[in-house]
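> File model-v9.tsv below, TSV, C-alpha atoms and all ligand atoms:
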chain	number	residue	atom	x	y	z
A	1	MET	CA	0.00	0.00	0.00
A	2	ASP	CA	1.14	3.55	-0.71
A	3	ASN	CA	1.70	5.31	2.59
A	4	SER	CA	4.47	7.62	1.40
A	5	GLU	CA	2.29	10.75	1.74
A	6	LYS	CA	3.07	12.48	5.04
A	7	PRO	CA	0.12	12.01	7.41
A	8	LEU	CA	-1.09	14.54	10.00
A	9	PHE	CA	-0.32	11.91	12.61
A	10	THR	CA	-0.32	8.13	13.02
A	11	PHE	CA	-1.36	5.75	15.79
A	12	GLY	CA	-1.12	2.01	16.50
A	13	VAL	CA	-4.02	-0.34	17.27
A	14	ILE	CA	-4.02	-3.76	18.91
A	15	ALA	CA	-6.71	-5.83	20.67
A	16	ASP	CA	-7.30	-8.86	22.88
A	17	ILE	CA	-3.69	-9.77	23.65
A	18	GLN	CA	-4.94	-11.93	26.57
A	19	TYR	CA	-1.43	-12.92	27.61
A	20	ALA	CA	-0.97	-15.72	30.15
A	21	ASP	CA	2.09	-17.83	30.87
A	22	ILE	CA	0.16	-21.05	30.16
A	23	ASP	CA	0.03	-23.64	27.38
A	24	ASP	CA	-2.09	-23.06	24.29
A	25	GLY	CA	-5.79	-23.81	24.68
A	26	TYR	CA	-9.14	-23.18	23.06
A	27	ASN	CA	-12.10	-20.83	23.32
A	28	PHE	CA	-15.20	-22.01	25.23
A	29	LYS	CA	-16.74	-23.72	22.19
A	30	ARG	CA	-13.37	-25.29	21.30
A	31	THR	CA	-13.61	-23.87	17.79
A	32	ARG	CA	-10.65	-21.50	17.99
A	33	LYS	CA	-7.13	-22.08	19.29
A	34	ARG	CA	-5.74	-19.60	21.83
A	35	TYR	CA	-1.99	-18.92	21.93
A	36	TYR	CA	-1.58	-17.57	25.47
A	37	ARG	CA	2.22	-17.33	25.61
A	38	ASN	CA	2.77	-16.42	22.01
A	39	SER	CA	0.49	-13.38	22.33
A	40	LEU	CA	3.46	-11.65	23.99
A	41	GLN	CA	5.67	-12.45	20.98
A	42	LEU	CA	3.05	-10.98	18.66
A	43	LEU	CA	2.93	-7.82	20.79
A	44	HIS	CA	6.73	-7.73	20.53
A	45	LYS	CA	6.45	-7.91	16.74
A	46	ALA	CA	3.95	-5.05	16.84
A	47	THR	CA	6.18	-2.76	18.94
A	48	LYS	CA	9.13	-3.58	16.65
A	49	GLU	CA	7.10	-2.75	13.58
A	50	TRP	CA	5.79	0.51	15.09
A	51	SER	CA	9.42	1.46	15.94
A	52	ALA	CA	10.46	0.79	12.35
A	53	GLU	CA	7.65	2.86	10.79
A	54	ARG	CA	8.72	5.90	8.80
A	55	PHE	CA	5.91	7.87	10.47
A	56	LYS	CA	6.06	6.39	13.95
A	57	PRO	CA	2.76	6.12	15.84
A	58	ASN	CA	2.26	9.08	18.20
A	59	PHE	CA	0.24	6.83	20.53
A	60	ILE	CA	-1.18	3.30	20.73
A	61	LEU	CA	-4.79	2.21	21.28
A	62	GLN	CA	-4.97	-1.03	23.30
A	63	LEU	CA	-8.58	-2.13	22.84
A	64	GLY	CA	-8.95	-4.29	25.96
A	65	ASP	CA	-8.37	-7.79	27.36
A	66	ILE	CA	-4.66	-7.14	27.74
A	67	ILE	CA	-4.20	-10.28	29.93
A	68	ASP	CA	-6.36	-13.41	30.12
A	69	GLY	CA	-8.72	-14.29	32.96
A	70	PHE	CA	-6.75	-17.54	33.53
A	71	ASN	CA	-4.10	-15.42	35.26
A	72	LYS	CA	-6.45	-14.93	38.19
A	73	LYS	CA	-6.74	-18.70	38.69
A	74	TYR	CA	-2.95	-18.99	38.92
A	75	GLU	CA	-2.58	-15.83	41.06
A	76	ALA	CA	-0.50	-14.40	38.25
A	77	SER	CA	-2.53	-11.30	37.36
A	78	GLU	CA	-0.01	-8.67	38.52
A	79	ARG	CA	2.95	-10.56	37.06
A	80	ALA	CA	1.26	-11.04	33.70
A	81	LEU	CA	0.25	-7.38	33.54
A	82	GLU	CA	3.80	-6.26	34.39
A	83	THR	CA	5.15	-8.52	31.62
A	84	VAL	CA	2.84	-7.08	28.98
A	85	ILE	CA	3.31	-3.46	30.10
A	86	LYS	CA	7.10	-3.96	29.94
A	87	GLU	CA	6.67	-5.01	26.31
A	88	PHE	CA	4.56	-1.92	25.56
A	89	ASN	CA	7.19	0.24	27.29
A	90	ASP	CA	9.71	-0.82	24.65
A	91	TYR	CA	7.81	1.46	22.32
A	92	PRO	CA	8.22	5.06	23.49
A	93	ALA	CA	4.67	6.41	23.19
A	94	VAL	CA	1.57	6.78	25.31
A	95	VAL	CA	-0.74	3.74	25.34
A	96	HIS	CA	-4.46	4.42	25.75
A	97	HIS	CA	-5.96	1.36	27.44
A	98	VAL	CA	-9.59	0.29	27.14
A	99	TRP	CA	-11.05	-2.16	29.67
A	100	GLY	CA	-12.61	-5.46	28.57
A	101	ASN	CA	-14.14	-8.44	30.37
A	102	HIS	CA	-10.73	-10.02	31.08
A	103	GLU	CA	-9.59	-6.86	32.93
A	104	PHE	CA	-12.48	-7.50	35.33
A	105	TYR	CA	-11.73	-11.23	35.68
A	106	ASN	CA	-8.32	-10.17	36.99
A	107	PHE	CA	-8.93	-6.92	38.88
A	108	SER	CA	-11.66	-4.93	40.60
A	109	ARG	CA	-12.73	-1.59	39.16
A	110	THR	CA	-11.11	0.20	42.12
A	111	THR	CA	-7.81	-1.61	41.50
A	112	LEU	CA	-7.95	-0.85	37.78
A	113	LEU	CA	-8.50	2.85	38.45
A	114	SER	CA	-5.24	3.04	40.40
A	115	SER	CA	-3.31	0.81	37.96
A	116	VAL	CA	-1.23	1.37	34.83
A	117	LEU	CA	-4.36	0.47	32.86
A	118	ASN	CA	-5.89	3.82	33.84
A	119	SER	CA	-4.63	6.11	31.08
A	120	THR	CA	-6.64	9.19	32.04
A	121	ALA	CA	-3.34	10.81	33.11
A	122	ASN	CA	-2.79	11.36	29.39
A	123	THR	CA	-5.52	13.97	29.11
A	124	ASP	CA	-6.78	17.11	30.90
A	125	ALA	CA	-8.82	16.55	34.06
A	126	ALA	CA	-11.78	18.30	32.37
A	127	ASN	CA	-11.85	15.57	29.70
A	128	ILE	CA	-12.53	12.73	32.16
A	129	ILE	CA	-16.08	11.74	33.07
A	130	ASN	CA	-15.41	11.45	36.85
A	131	THR	CA	-18.79	9.90	37.75
A	132	ASP	CA	-19.38	6.64	39.63
A	133	GLN	CA	-15.92	5.23	38.74
A	134	ILE	CA	-16.78	5.21	35.03
A	135	TYR	CA	-13.59	4.87	32.97
A	136	ALA	CA	-14.19	7.20	30.02
A	137	TYR	CA	-12.30	10.22	28.71
A	138	HIS	CA	-11.40	12.06	25.57
A	139	PHE	CA	-8.22	13.55	24.15
A	140	SER	CA	-7.17	15.53	21.13
A	141	PRO	CA	-3.81	14.39	19.70
A	142	SER	CA	-3.93	16.90	16.86
A	143	PRO	CA	-6.06	19.98	16.09
A	144	LYS	CA	-9.50	18.99	14.69
A	145	PHE	CA	-9.24	15.36	15.86
A	146	ARG	CA	-10.65	13.87	19.06
A	147	PHE	CA	-10.58	10.35	20.48
A	148	ILE	CA	-13.13	9.15	23.03
A	149	THR	CA	-12.61	6.01	25.12
A	150	LEU	CA	-15.81	4.42	26.44
A	151	ASP	CA	-16.47	2.05	29.34
A	152	ALA	CA	-18.55	-0.86	27.97
A	153	TYR	CA	-18.73	-2.57	31.39
A	154	ASP	CA	-20.19	0.45	33.19
A	155	VAL	CA	-23.44	-1.52	33.62
A	156	SER	CA	-22.43	-5.14	34.09
A	157	LEU	CA	-22.17	-8.10	36.42
A	158	ILE	CA	-18.40	-8.36	36.10
A	159	GLY	CA	-17.40	-4.68	36.18
A	160	ARG	CA	-19.47	-3.62	39.18
A	161	GLU	CA	-19.61	-4.65	42.84
A	162	GLU	CA	-22.83	-6.34	43.90
A	163	SER	CA	-23.50	-3.35	46.17
A	164	ASN	CA	-23.56	-0.96	43.19
A	165	SER	CA	-26.99	-0.19	41.70
A	166	LYS	CA	-25.57	-0.80	38.22
A	167	TYR	CA	-24.97	-4.45	39.18
A	168	ASN	CA	-28.69	-4.76	39.97
A	169	GLN	CA	-29.57	-2.92	36.76
A	170	ALA	CA	-27.38	-5.39	34.82
A	171	MET	CA	-28.91	-8.40	36.58
A	172	LYS	CA	-32.45	-7.17	35.85
A	173	LEU	CA	-31.65	-6.65	32.17
A	174	LEU	CA	-29.93	-10.04	31.81
A	175	ARG	CA	-32.76	-11.84	33.60
A	176	GLU	CA	-35.30	-10.21	31.27
A	177	HIS	CA	-33.47	-11.66	28.27
A	178	ASN	CA	-31.65	-14.73	29.53
A	179	SER	CA	-33.26	-17.51	31.58
A	180	ASN	CA	-30.18	-19.79	31.69
A	181	ASP	CA	-28.70	-20.74	35.07
A	182	ASP	CA	-25.29	-19.91	33.63
A	183	LEU	CA	-25.58	-16.32	32.45
A	184	ASN	CA	-22.45	-16.72	30.30
A	185	HIS	CA	-24.55	-19.08	28.20
A	186	PRO	CA	-26.38	-17.14	25.45
A	187	PRO	CA	-30.20	-17.09	25.54
A	188	ALA	CA	-30.53	-17.92	21.83
A	189	PRO	CA	-28.46	-19.97	19.35
A	190	ALA	CA	-28.29	-17.06	16.88
A	191	GLY	CA	-29.33	-13.46	16.39
A	192	MET	CA	-29.03	-10.27	18.37
A	193	GLU	CA	-30.45	-11.66	21.64
A	194	GLN	CA	-27.23	-13.66	22.07
A	195	ARG	CA	-25.55	-10.51	23.37
A	196	PHE	CA	-27.34	-10.78	26.71
A	197	VAL	CA	-24.57	-12.71	28.43
A	198	LYS	CA	-22.50	-12.05	31.51
A	199	PHE	CA	-19.26	-11.53	29.54
A	200	ASN	CA	-20.75	-8.43	27.91
A	201	GLY	CA	-22.01	-5.17	29.41
A	202	GLY	CA	-23.49	-1.81	28.61
A	203	PHE	CA	-23.26	1.97	28.93
A	204	SER	CA	-25.15	3.82	31.68
A	205	GLN	CA	-27.40	6.79	30.96
A	206	SER	CA	-24.87	9.11	32.61
A	207	GLN	CA	-22.12	7.85	30.29
A	208	LEU	CA	-24.39	8.28	27.25
A	209	ASP	CA	-25.28	11.82	28.39
A	210	TRP	CA	-21.58	12.61	28.75
A	211	LEU	CA	-20.86	11.17	25.28
A	212	GLU	CA	-23.65	13.31	23.83
A	213	LYS	CA	-22.12	16.46	25.38
A	214	VAL	CA	-18.60	15.64	24.14
A	215	LEU	CA	-19.91	15.04	20.63
A	216	CYS	CA	-21.89	18.33	20.66
A	217	LEU	CA	-18.69	20.17	21.51
A	218	ALA	CA	-16.78	18.30	18.80
A	219	ASP	CA	-19.47	19.22	16.24
A	220	GLU	CA	-19.15	22.88	17.23
A	221	ARG	CA	-15.37	22.72	16.88
A	222	GLN	CA	-15.68	20.90	13.54
A	223	GLU	CA	-13.55	18.03	14.80
A	224	LYS	CA	-13.40	14.46	13.55
A	225	VAL	CA	-14.07	11.93	16.30
A	226	ILE	CA	-12.85	8.36	16.70
A	227	ILE	CA	-14.52	6.38	19.50
A	228	ILE	CA	-13.00	3.29	21.12
A	229	SER	CA	-14.57	0.66	23.38
A	230	HIS	CA	-13.95	-3.02	24.08
A	231	LEU	CA	-17.42	-3.98	22.83
A	232	PRO	CA	-18.55	-3.25	19.26
A	233	VAL	CA	-21.83	-1.38	18.70
A	234	HIS	CA	-22.78	-2.22	15.12
A	235	PRO	CA	-24.34	-5.66	14.43
A	236	GLU	CA	-22.72	-5.80	10.99
A	237	SER	CA	-19.23	-5.29	12.41
A	238	THR	CA	-19.18	-8.32	14.72
A	239	ASP	CA	-20.69	-11.65	15.64
A	240	PRO	CA	-23.79	-10.38	17.52
A	241	ILE	CA	-22.78	-12.38	20.60
A	242	CYS	CA	-20.09	-9.74	21.18
A	243	LEU	CA	-22.31	-6.63	20.92
A	244	ALA	CA	-22.75	-4.18	23.79
A	245	TRP	CA	-26.14	-4.70	25.44
A	246	ASN	CA	-27.43	-1.21	24.53
A	247	TYR	CA	-25.51	-0.90	21.28
A	248	ASP	CA	-28.62	0.66	19.65
A	249	GLU	CA	-28.60	3.61	22.07
A	250	VAL	CA	-24.94	4.29	21.26
A	251	LEU	CA	-25.61	4.06	17.52
A	252	SER	CA	-28.44	6.58	17.67
A	253	ILE	CA	-26.14	9.06	19.47
A	254	LEU	CA	-23.33	8.52	16.95
A	255	HIS	CA	-25.73	9.10	14.08
A	256	SER	CA	-26.95	12.42	15.47
A	257	HIS	CA	-23.46	13.97	15.27
A	258	LYS	CA	-21.63	14.67	12.06
A	259	CYS	CA	-18.24	14.66	13.81
A	260	VAL	CA	-18.14	10.85	14.29
A	261	VAL	CA	-15.99	9.10	11.68
A	262	CYS	CA	-15.04	5.76	13.22
A	263	PHE	CA	-15.86	3.36	16.09
A	264	MET	CA	-13.10	0.88	16.99
A	265	ALA	CA	-13.54	-2.16	19.21
A	266	GLY	CA	-12.11	-5.57	20.07
A	267	HIS	CA	-13.77	-8.58	21.83
A	268	ASP	CA	-14.73	-10.49	18.66
A	269	HIS	CA	-11.42	-12.21	17.92
A	270	ASP	CA	-12.40	-12.85	14.30
A	271	GLY	CA	-12.62	-9.09	13.75
A	272	GLY	CA	-15.08	-7.31	11.49
A	273	TYR	CA	-15.77	-4.16	9.53
A	274	HIS	CA	-18.84	-2.28	8.38
A	275	ARG	CA	-19.48	1.20	7.04
A	276	ASP	CA	-22.95	2.15	8.24
A	277	ALA	CA	-25.67	4.16	6.45
A	278	SER	CA	-24.39	7.39	8.07
A	279	GLY	CA	-20.90	6.71	6.72
A	280	VAL	CA	-19.41	5.82	10.12
A	281	HIS	CA	-16.73	3.12	9.95
A	282	HIS	CA	-17.06	0.31	12.49
A	283	LEU	CA	-13.78	-1.52	12.84
A	284	THR	CA	-13.51	-4.56	15.10
A	285	LEU	CA	-9.87	-5.52	15.39
A	286	GLU	CA	-8.80	-9.17	15.17
A	287	GLY	CA	-7.70	-10.57	18.53
A	288	VAL	CA	-4.01	-11.32	19.09
A	289	ILE	CA	-4.87	-14.30	21.34
A	290	GLU	CA	-6.39	-16.32	18.47
A	291	THR	CA	-3.71	-15.36	15.94
A	292	PRO	CA	-1.31	-18.20	15.01
A	293	PRO	CA	2.39	-17.60	15.78
A	294	ASP	CA	3.26	-17.26	12.10
A	295	SER	CA	0.76	-14.44	11.59
A	296	ASP	CA	-0.02	-11.04	13.16
A	297	ALA	CA	-2.94	-8.91	14.31
A	298	PHE	CA	-2.28	-5.20	14.72
A	299	GLY	CA	-2.25	-2.06	12.65
A	300	THR	CA	-0.93	1.43	12.15
A	301	VAL	CA	-3.43	4.12	11.21
A	302	TYR	CA	-2.30	7.02	9.06
A	303	VAL	CA	-4.54	10.05	9.56
A	304	TYR	CA	-5.00	12.54	6.71
A	305	GLU	CA	-7.31	15.55	6.11
A	306	ASP	CA	-9.80	13.47	4.12
A	307	ARG	CA	-9.26	9.86	5.30
A	308	MET	CA	-7.61	7.41	7.63
A	309	VAL	CA	-5.57	4.58	6.19
A	310	LEU	CA	-5.22	1.41	8.24
A	311	LYS	CA	-2.02	-0.44	7.44
A	312	GLY	CA	-2.82	-3.93	8.70
A	313	ASN	CA	-0.52	-6.82	9.54
A	314	GLY	CA	-1.32	-10.51	9.20
A	315	ARG	CA	-5.02	-11.07	9.90
A	316	THR	CA	-5.64	-7.31	10.07
A	317	HIS	CA	-6.37	-6.04	6.59
A	318	ASN	CA	-5.38	-2.76	4.95
A	319	ARG	CA	-8.34	-0.36	4.73
A	320	THR	CA	-8.94	3.18	3.54
A	321	LEU	CA	-11.56	4.88	5.70
A	322	MET	CA	-12.88	8.00	3.93
A	323	TYR	CA	-14.58	10.48	6.25
A	324	PRO	CA	-18.37	10.80	5.92
B	1	LIG	N1	-20.88	-19.81	25.45
B	1	LIG	C1	-20.03	-19.41	26.43
B	1	LIG	C2	-18.97	-18.54	26.15
B	1	LIG	C3	-18.13	-18.16	27.18
B	1	LIG	N2	-18.34	-18.65	28.43
B	1	LIG	C4	-17.44	-18.23	29.53
B	1	LIG	O1	-17.46	-16.83	29.56
B	1	LIG	C5	-16.21	-16.32	29.92
B	1	LIG	C6	-15.69	-15.40	28.84
B	1	LIG	O2	-15.53	-16.14	27.66
B	1	LIG	P1	-14.25	-15.96	26.76
B	1	LIG	O3	-14.43	-16.73	25.50
B	1	LIG	O4	-13.02	-16.24	27.56
B	1	LIG	O5	-14.33	-14.40	26.44
B	1	LIG	P2	-13.46	-13.59	25.43
B	1	LIG	O6	-13.61	-12.17	25.81
B	1	LIG	O7	-12.07	-14.15	25.38
B	1	LIG	O8	-14.12	-13.83	24.02
B	1	LIG	C7	-15.33	-13.21	23.74
B	1	LIG	C8	-16.17	-14.09	22.91
B	1	LIG	O9	-16.19	-15.40	23.44
B	1	LIG	C9	-15.68	-14.16	21.50
B	1	LIG	O10	-16.60	-14.87	20.73
B	1	LIG	C10	-15.29	-17.50	30.14
B	1	LIG	O11	-15.28	-17.80	31.52
B	1	LIG	C11	-15.99	-18.61	29.36
B	1	LIG	O12	-15.73	-19.87	29.87
B	1	LIG	C12	-19.39	-19.49	28.69
B	1	LIG	O13	-19.57	-19.94	29.84
B	1	LIG	N3	-20.23	-19.85	27.69
Hey, can you dump this file as structure tokens for me?

Amino acid sequence: MDNSEKPLFTFGVIADIQYADIDDGYNFKRTRKRYYRNSLQLLHKATKEWSAERFKPNFILQLGDIIDGFNKKYEASERALETVIKEFNDYPAVVHHVWGNHEFYNFSRTTLLSSVLNSTANTDAANIINTDQIYAYHFSPSPKFRFITLDAYDVSLIGREESNSKYNQAMKLLREHNSNDDLNHPPAPAGMEQRFVKFNGGFSQSQLDWLEKVLCLADERQEKVIIISHLPVHPESTDPICLAWNYDEVLSILHSHKCVVCFMAGHDHDGGYHRDASGVHHLTLEGVIETPPDSDAFGTVYVYEDRMVLKGNGRTHNRTLMYP
């Protein structure tokens, strides 16, 4: 691909590393192999590639599930996180971390907020939501561009203490849609209802209100906005089992603001892409954990006045994302 034209800026993207110092295994359905140790080698290849880029990424987006839930079982959560962060540190740029389900299998929300996975230090205090321990903020790496990180487990059974009202809200919603004893088991064999499982979550009204305000401001400033979250929000960009519970509410907000150009997510390790009717690009990045050792899953995004160009590696394809 021709990426010789000087971009305004570039950034790296990577998702679902799910590192654990354990032997290879499989996903729950045993349909996909998981390479727990090798995920670190693939991250190493990514940081090497970013370092070798002519236009080196100004920052990296880590789209969640940085270490696997198995670490908790082996009391290895802190060690595994240190190992992965050390690898990221080999590339000298800020990493913006998103939180996925595996973050919550390993750590409580309170612990995460005081950990290296809280990247709000990389923005102004006024850009952070600061409500009910929601992990969401925005930053502008270049004039006329804004990135918003969202907390897809704000309302959930895994990201909230049982004493929090959002845990009860999540339980009520799941029970309305899922009658299985094991709430990780989807309520339907196919279709959109599958998303009502414990390993997903949703966005609270206060987070949606905050998003609405940030997007209003971005519209006024004529900025282009890229939103990131662990869970995808467009049914055509993912297996529906991976969708955020209230994906439709997010979509209707995105579509009422002309500033939104792209929504990036992880969670569905097969990846996905869809350009919706409003011209918004929905990019679900392939998961490192299910990427064979001889392949790759990461990208570098070149940002221009009229488009973003994703330079993919291995399972992650090259894409040109024209702005709406
Ligand atoms: N049908 C299922 C699927 C999963 N589980 C259990 O739920 C937990 C999370 O599953 P896991 O596959 O590890 O989650 P990932 O975030 O890695 O992947 C997301 C989607 O699966 C991709 O399709 C885990 O404890 C599973 O055992 C379940 O009980 N029933």
> Enter the distance from CA of Leu40 (chain A) to atom C9 of ligand LIG 1 (chain B), in Å, rounded to one decimal.
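Taking CA of Leu40 (chain A) and atom C9 of ligand LIG 1 (chain B), their separation equals 19.5 Å.
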> Please compute the CA of Glu193 (chain A)-CA of Lys29 (chain A) distance, one decimal, in Å.
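CA of Glu193 (chain A) sits 18.3 Å away from CA of Lys29 (chain A).
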> Using all atoms listed in the file, I'd like a table of the residues in chain A that come within 8 Å of ligand LIG 1 (chain B); for each, show the closest atom pair and its distance in Å rounded to one decimal, ordered by chain and ascending number, as a tab-separated table.

residue	atom	partner	partner_atom	distance
A:Asp16	CA	B:LIG1	O7	7.5
A:Gln18	CA	B:LIG1	O7	7.6
A:Asn27	CA	B:LIG1	O3	5.2
A:Phe28	CA	B:LIG1	O12	5.1
A:Lys29	CA	B:LIG1	N1	6.6
A:Asp65	CA	B:LIG1	O6	7.0
A:Asp68	CA	B:LIG1	O7	7.5
A:Gly69	CA	B:LIG1	O4	7.2
A:Gly100	CA	B:LIG1	O6	7.3
A:Asn101	CA	B:LIG1	O6	5.9
A:His102	CA	B:LIG1	O6	6.4
A:Asp182	CA	B:LIG1	O13	6.9
A:Leu183	CA	B:LIG1	O13	7.5
A:Asn184	CA	B:LIG1	O13	4.3
A:His185	CA	B:LIG1	N3	4.4
A:Pro186	CA	B:LIG1	N1	6.1
A:Lys198	CA	B:LIG1	O1	7.2
A:Phe199	CA	B:LIG1	C6	5.3
A:Asp239	CA	B:LIG1	O10	7.3
A:Ile241	CA	B:LIG1	O10	6.7
A:Cys242	CA	B:LIG1	C8	6.1
A:His267	CA	B:LIG1	C7	5.2
A:Asp268	CA	B:LIG1	C9	4.7
A:His269	CA	B:LIG1	C9	5.9
A:Asp270	CA	B:LIG1	O10	7.9
> Write out the residues from the selection above, keeping C-alpha atoms, as an mmCIF file, in the coordinates of the input.

data_model
loop_
_atom_site.group_PDB
_atom_site.id
_atom_site.type_symbol
_atom_site.label_atom_id
_atom_site.label_comp_id
_atom_site.auth_asym_id
_atom_site.auth_seq_id
_atom_site.Cartn_x
_atom_site.Cartn_y
_atom_site.Cartn_z
ATOM 1 C CA ASP A 16 -7.300 -8.860 22.880
ATOM 2 C CA GLN A 18 -4.940 -11.930 26.570
ATOM 3 C CA ASN A 27 -12.100 -20.830 23.320
ATOM 4 C CA PHE A 28 -15.200 -22.010 25.230
ATOM 5 C CA LYS A 29 -16.740 -23.720 22.190
ATOM 6 C CA ASP A 65 -8.370 -7.790 27.360
ATOM 7 C CA ASP A 68 -6.360 -13.410 30.120
ATOM 8 C CA GLY A 69 -8.720 -14.290 32.960
ATOM 9 C CA GLY A 100 -12.610 -5.460 28.570
ATOM 10 C CA ASN A 101 -14.140 -8.440 30.370
ATOM 11 C CA HIS A 102 -10.730 -10.020 31.080
ATOM 12 C CA ASP A 182 -25.290 -19.910 33.630
ATOM 13 C CA LEU A 183 -25.580 -16.320 32.450
ATOM 14 C CA ASN A 184 -22.450 -16.720 30.300
ATOM 15 C CA HIS A 185 -24.550 -19.080 28.200
ATOM 16 C CA PRO A 186 -26.380 -17.140 25.450
ATOM 17 C CA LYS A 198 -22.500 -12.050 31.510
ATOM 18 C CA PHE A 199 -19.260 -11.530 29.540
ATOM 19 C CA ASP A 239 -20.690 -11.650 15.640
ATOM 20 C CA ILE A 241 -22.780 -12.380 20.600
ATOM 21 C CA CYS A 242 -20.090 -9.740 21.180
ATOM 22 C CA HIS A 267 -13.770 -8.580 21.830
ATOM 23 C CA ASP A 268 -14.730 -10.490 18.660
ATOM 24 C CA HIS A 269 -11.420 -12.210 17.920
ATOM 25 C CA ASP A 270 -12.400 -12.850 14.300
#
> So, with all atoms listed in the file as the atoms that count, which of A:Lys311, A:His97, A:Leu211, A:Gly271 lies closest to Phe55 (chain A)?
A:Lys311
> Got a sec: who's within 9 Å of Val84 (chain A), counting all atoms listed in the file, leaving out chain neighbours fewer than 6 positions off, as a list in words?
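Result of the neighbour search: Ile17, Tyr19, Leu40, Leu43, Ile66 and Ile67 of chain A.
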> Take the residues just selected and output them with C-alpha atoms as a compact mmCIF listing (two decimals), in the frame of the given file.

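Contents of the output file result11.txt:
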# COMPACT_ATOMS: atom_id res chain seq x y z
CA ILE A 17 -3.69 -9.77 23.65
CA TYR A 19 -1.43 -12.92 27.61
CA LEU A 40 3.46 -11.65 23.99
CA LEU A 43 2.93 -7.82 20.79
CA ILE A 66 -4.66 -7.14 27.74
CA ILE A 67 -4.20 -10.28 29.93
> Return as a Markdown table the residues of region 207-252 of chain A lying at most 10 Å from region 153-165 of chain A, together with the closest atom-to-atom pair for each and the distance in Å to one decimal, counting all atoms listed in the file, with rows in chain order and ascending residue number.

| residue | atom | partner | partner_atom | distance |
| --- | --- | --- | --- | --- |
| A:Gln207 | CA | A:Asp154 | CA | 8.2 |
| A:Ser229 | CA | A:Tyr153 | CA | 9.6 |
| A:His230 | CA | A:Tyr153 | CA | 8.7 |
| A:Leu231 | CA | A:Tyr153 | CA | 8.8 |
| A:Ala244 | CA | A:Tyr153 | CA | 8.7 |
| A:Trp245 | CA | A:Val155 | CA | 9.2 |
| A:Asn246 | CA | A:Val155 | CA | 9.9 |
> Can you tell me how far CA of Glu236 (chain A) sits from CA of Tyr273 (chain A), in Å to one decimal?
7.3 Å
> Compile the contact shell of Ser206 (chain A) as a ChimeraX atom specification: residues with an atom at most 10 Å away, counting only C-alpha atoms, same-chain residues fewer than 6 positions apart removed.
/A:129,131-132,134,154,212
> Which residues come within 12 Å of Glu53 (chain A), counting all atoms listed in the file, excluding same-chain residues fewer than 2 positions away, as a list of chain:residue names?
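Here the answer would be A:Asn3, A:Ser4, A:Thr10, A:Phe11, A:Gly12, A:Ala46, A:Thr47, A:Lys48, A:Glu49, A:Trp50, A:Ser51, A:Phe55, A:Lys56, A:Pro57, A:Asn58, A:Tyr91, A:Gly299, A:Thr300, A:Val301, A:Tyr302, A:Lys311.
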> Given only C-alpha atoms as the basis, pick out the residue of A:Glu75, A:Asp219, A:Glu103, A:Asp294 nearest to His257 (chain A).
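The shortest atom-to-atom distance to His257 (chain A) comes from A:Asp219.
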> Which polymer residues have any atom within 12 Å of an atom of Phe147 (chain A), counting only C-alpha atoms, with same-chain residues fewer than 3 positions away left out, as a PyMOL selection string?
chain A and resi 11+59-61+96+122-123+127+136-144+150+211+214-215+218+223-229+259-264
> Which residue, A:Thr149, A:Ser295, A:Asn200, A:Asn89, has the smallest gap to Leu173 (chain A) when you use all atoms listed in the file?
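Ranked by minimum distance to Leu173 (chain A), first place goes to A:Asn200.
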> Could you tell me which of A:Asn38, A:Ala121, A:Gly312, A:Thr111 comes closest to Gln133 (chain A) if we count all atoms listed in the file?
A:Thr111
> I need the residue nearest Gln169 (chain A) from this list: A:Ser77, A:Ser204, A:Gln194, A:Ser119. Use all atoms listed in the file for the distance.
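Going through A:Ser77, A:Ser204, A:Gln194, A:Ser119 one by one, the smallest distance to Gln169 (chain A) is for A:Ser204.
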> Near Ser115 (chain A), counting all atoms listed in the file, which residues have an atom at most 10 Å away, once you skip same-chain residues fewer than 6 positions from it, shown as a tab-separated table (two decimals) with C-alpha atoms, in the coordinates of the input?

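Written out: result_17.tsv:
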chain	number	residue	atom	x	y	z
A	81	LEU	CA	0.25	-7.38	33.54
A	107	PHE	CA	-8.93	-6.92	38.88
A	109	ARG	CA	-12.73	-1.59	39.16
> Could you give me region 269-275 of chain A completed to N, CA and C atoms, formatted as a PDB file, keeping the file's coordinate frame?

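Listing of rebuild19.pdb after writing:
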ATOM      1  N   HIS A 269     -12.800 -11.921  18.363  1.00  0.00           N
ATOM      2  CA  HIS A 269     -11.420 -12.210  17.920  1.00  0.00           C
ATOM      3  C   HIS A 269     -11.304 -12.440  16.427  1.00  0.00           C
ATOM      4  N   ASP A 270     -12.426 -12.694  15.763  1.00  0.00           N
ATOM      5  CA  ASP A 270     -12.400 -12.850  14.300  1.00  0.00           C
ATOM      6  C   ASP A 270     -12.337 -11.500  13.598  1.00  0.00           C
ATOM      7  N   GLY A 271     -12.612 -10.429  14.332  1.00  0.00           N
ATOM      8  CA  GLY A 271     -12.620  -9.090  13.750  1.00  0.00           C
ATOM      9  C   GLY A 271     -13.841  -8.849  12.874  1.00  0.00           C
ATOM     10  N   GLY A 272     -13.948  -7.637  12.357  1.00  0.00           N
ATOM     11  CA  GLY A 272     -15.080  -7.310  11.490  1.00  0.00           C
ATOM     12  C   GLY A 272     -14.982  -5.861  11.037  1.00  0.00           C
ATOM     13  N   TYR A 273     -15.752  -5.542  10.028  1.00  0.00           N
ATOM     14  CA  TYR A 273     -15.770  -4.160   9.530  1.00  0.00           C
ATOM     15  C   TYR A 273     -17.093  -3.890   8.848  1.00  0.00           C
ATOM     16  N   HIS A 274     -17.621  -2.694   9.072  1.00  0.00           N
ATOM     17  CA  HIS A 274     -18.840  -2.280   8.380  1.00  0.00           C
ATOM     18  C   HIS A 274     -18.867  -0.764   8.305  1.00  0.00           C
ATOM     19  N   ARG A 275     -19.241  -0.244   7.135  1.00  0.00           N
ATOM     20  CA  ARG A 275     -19.480   1.200   7.040  1.00  0.00           C
ATOM     21  C   ARG A 275     -20.986   1.379   7.067  1.00  0.00           C
TER      22      ARG A 275
END
